[in-house]
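Asker: The structure's right below; bear with me while I get my questions together.
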Amino acid sequence: SEHYKEYSLFETLFFGIFFLTILSVFFNFFFNLHNKFYIIILLVIFIYSLIFFRNLIKKDIKNILLFSVILSPLSTYMNFGYDSGLYHIPYQLILQNEQINFGTANLHMRYGLTTSYSYIAALLWQNNFFNIVSSFSTVLFSLFFIFIIEKLKNKNSIDSIFALSALITFPIWYRYAEVSTSLVDIFFSIFFYFTFYYGIKIIFYEKKYNKKLKTNIHLFLIFLSYTISAKPTAIFLVLYLLFVFIAKYRIFLQNFFNILQNNIFSLIFVTLWVLRNLIITSCFFYPVKASCLNFSWQTNSLDNVVESITTWNVYIFNSFIQHLYDYQLIIISLLLILILIIFNLKKIFNIFLMKRNSFFFIFYFVLIISVSYTHLRAHETRHD
């Protein structure tokens, strides 16, 4: 537990989610996820973690309880995503009762689009009781706000820019990816944002390879590997990885084996995920045609999947552009506020440090109002 003291609450919570995901993906190669032996293993790990990380839990218990009180109501009225019943929940049912099988995507062409979310969600529901899955979705969603609070506390311009830009633009992008049971779009958006953040931290870190840069590389790669499993289109993040590598190529080349050793779990997870894709779809990165091999279990619906994804993405993009056009005055105002904040960051920090408790009280209050408002709007939109 001493090692994890250098990590924040946000990062520690994510490590737990990542560990449970990689464990479930690996176990499903041999057994179904509702296997009693696996459930016992998870219970033992859970009890051990409570004992091993008791000091970390004591340290952050106030923040954990506070966020639980603020965000827990979301899970009580969270609706199912529009495509939950189409393929997310049916695939989770397969995970509960079957180990990984060759050509599963032939049962439904969208099974190849399922994500790492399903490997934890499948553990949390039984007999159509989904309340715990809703709680898990709320935990993932809460990471976004914990990230913002922690970065605002830092006296770092990059952290502040990322936190403030995320907070200000939140009502815009939330409109297209609301929190729902088994709907993964918002979680992909959040983890994409985290991955981009840690990549920037590496690019703008001018010092030599040391403990801090080593930690940033570790966080960047672990978030990258998880985000790739959060949505098939995240494979394009490989281009971002290449960009980060080019920006710091000397450090990566000179310390290649050390970096590889420190990020072995990220490498193992990506390997397991690619192998999982290959087994159920015959593609390394479904539905990218260039990554597909001509195996006997290859799905015949690949063109239909690509067309469906393209049509949906075009619709979402056009809708987003129209939304920007309709609310351009508000958006421009928000951008101007963001610019003013960035250029007066030092002064603002001095004010916050002088009245720190008042500031965070205001922040928590705004958080409650923001979350409540966006969910009420989403609820109204669904019933219009």
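We label chains A, B, ... in the order they appear in the structure tokens, count residues from 1 in each chain, and number ligands from 1 in the order shown.
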For segment 275-302 of chain A versus segment 6-30 of chain A, which residues have an atom no more than 12 Å away, and what is each residue's nearest atom pair and distance in Å rounded to one decimal, using only C-alpha atoms, chain-then-number order, as CSV?
Answerer:
residue,atom,partner,partner_atom,distance
A:Leu275,CA,A:Phe29,CA,9.8
A:Arg276,CA,A:Phe29,CA,8.1
A:Asn277,CA,A:Val25,CA,11.2
A:Ile279,CA,A:Phe29,CA,9.9
A:Ile280,CA,A:Phe29,CA,11.2
Asker: Keeping only all heavy atoms, write the selected residues as a CSV table (one decimal), in the first residue's frame.
Answerer:
chain,number,residue,atom,x,y,z
A,275,LEU,N,-6.7,-10.9,-28.5
A,275,LEU,CA,-6.9,-12.3,-28.7
A,275,LEU,C,-8.4,-12.6,-28.5
A,275,LEU,O,-9.0,-13.4,-29.3
A,275,LEU,CB,-6.1,-13.1,-27.6
A,275,LEU,CG,-6.2,-14.6,-27.7
A,275,LEU,CD1,-5.7,-15.1,-29.1
A,275,LEU,CD2,-5.4,-15.2,-26.6
A,276,ARG,N,-9.0,-12.0,-27.6
A,276,ARG,CA,-10.5,-12.1,-27.4
A,276,ARG,C,-11.2,-11.7,-28.7
A,276,ARG,O,-12.2,-12.4,-29.1
A,276,ARG,CB,-10.9,-11.3,-26.2
A,276,ARG,CG,-12.4,-11.1,-26.0
A,276,ARG,CD,-12.9,-9.8,-26.5
A,276,ARG,NE,-14.3,-9.5,-26.2
A,276,ARG,CZ,-15.0,-8.6,-26.8
A,276,ARG,NH1,-14.5,-7.8,-27.7
A,276,ARG,NH2,-16.3,-8.4,-26.5
A,277,ASN,N,-10.9,-10.6,-29.3
A,277,ASN,CA,-11.5,-10.1,-30.5
A,277,ASN,C,-11.3,-11.1,-31.6
A,277,ASN,O,-12.2,-11.4,-32.4
A,277,ASN,CB,-10.9,-8.8,-31.0
A,277,ASN,CG,-11.3,-7.6,-30.1
A,277,ASN,OD1,-12.3,-7.7,-29.3
A,277,ASN,ND2,-10.5,-6.5,-30.1
A,279,ILE,N,-10.8,-14.4,-31.4
A,279,ILE,CA,-11.6,-15.6,-31.2
A,279,ILE,C,-13.1,-15.4,-31.5
A,279,ILE,O,-13.7,-16.3,-32.2
A,279,ILE,CB,-11.4,-16.1,-29.7
A,279,ILE,CG1,-10.0,-16.6,-29.5
A,279,ILE,CG2,-12.4,-17.2,-29.4
A,279,ILE,CD1,-9.7,-16.9,-28.1
A,280,ILE,N,-13.7,-14.3,-31.1
A,280,ILE,CA,-15.1,-14.1,-31.3
A,280,ILE,C,-15.5,-13.5,-32.7
A,280,ILE,O,-16.6,-13.7,-33.1
A,280,ILE,CB,-15.8,-13.3,-30.2
A,280,ILE,CG1,-15.4,-11.8,-30.3
A,280,ILE,CG2,-15.5,-13.9,-28.8
A,280,ILE,CD1,-16.1,-11.0,-29.3
Asker: Step one, run DSSP on the backbone; step two, keep only residues of segment 7-108 of chain A assigned to alpha helix (DSSP H); then write them as a PyMOL selection string.
Answerer: chain A and resi 9-27+36-52+54-76+89-97
Asker: Using only C-alpha atoms, which protein or nucleic acid residues come within 6 Å of Thr195 of chain A? Drop anything in the same chain fewer than 6 positions from it, and give the result as a CSV table (one decimal) with N, CA and C atoms, in the first residue's frame.
Answerer:
chain,number,residue,atom,x,y,z
A,220,PHE,N,-0.4,6.8,-18.5
A,220,PHE,CA,-0.8,7.0,-19.9
A,220,PHE,C,-1.1,5.6,-20.6
A,223,PHE,N,-4.3,3.7,-19.0
A,223,PHE,CA,-5.5,4.4,-19.5
A,223,PHE,C,-5.7,4.1,-21.0
A,224,LEU,N,-4.6,4.1,-21.8
A,224,LEU,CA,-4.7,3.9,-23.2
A,224,LEU,C,-5.2,2.4,-23.4
Asker: Write out, as a Markdown table, each residue of segment 98-125 of chain A that has an atom at most 7 Å from segment 296-307 of chain A, together with the closest pair of atoms and their distance in Å to one decimal, counting only C-alpha atoms, rows going by chain and rising number.
Answerer:
| residue | atom | partner | partner_atom | distance |
| --- | --- | --- | --- | --- |
| A:Phe102 | CA | A:Trp297 | CA | 6.5 |
| A:Gly103 | CA | A:Trp297 | CA | 4.7 |
| A:Ala105 | CA | A:Thr299 | CA | 6.3 |
| A:Asn106 | CA | A:Thr299 | CA | 5.3 |
| A:Met109 | CA | A:Ser301 | CA | 6.0 |
Asker: For Pro232 of chain A, list every protein, DNA or RNA residue within 9 Å, evaluated using only C-alpha atoms, and leave out those in the same chain fewer than 6 positions away; present the list as a ChimeraX atom specification.
Answerer: /A:112-115,285-288
Asker: Keeping only C-alpha atoms, write those residues as an mmCIF file, in the first residue's frame.
Answerer:
data_model
loop_
_atom_site.group_PDB
_atom_site.id
_atom_site.type_symbol
_atom_site.label_atom_id
_atom_site.label_comp_id
_atom_site.auth_asym_id
_atom_site.auth_seq_id
_atom_site.Cartn_x
_atom_site.Cartn_y
_atom_site.Cartn_z
ATOM 1 C CA GLY A 112 -17.935 -8.016 -31.738
ATOM 2 C CA LEU A 113 -18.541 -4.403 -30.652
ATOM 3 C CA THR A 114 -18.984 -5.288 -26.981
ATOM 4 C CA THR A 115 -16.564 -3.705 -24.536
ATOM 5 C CA PHE A 285 -9.712 -4.962 -34.244
ATOM 6 C CA TYR A 286 -13.331 -5.565 -35.196
ATOM 7 C CA PRO A 287 -14.800 -4.240 -37.491
ATOM 8 C CA VAL A 288 -11.634 -2.947 -39.224
#
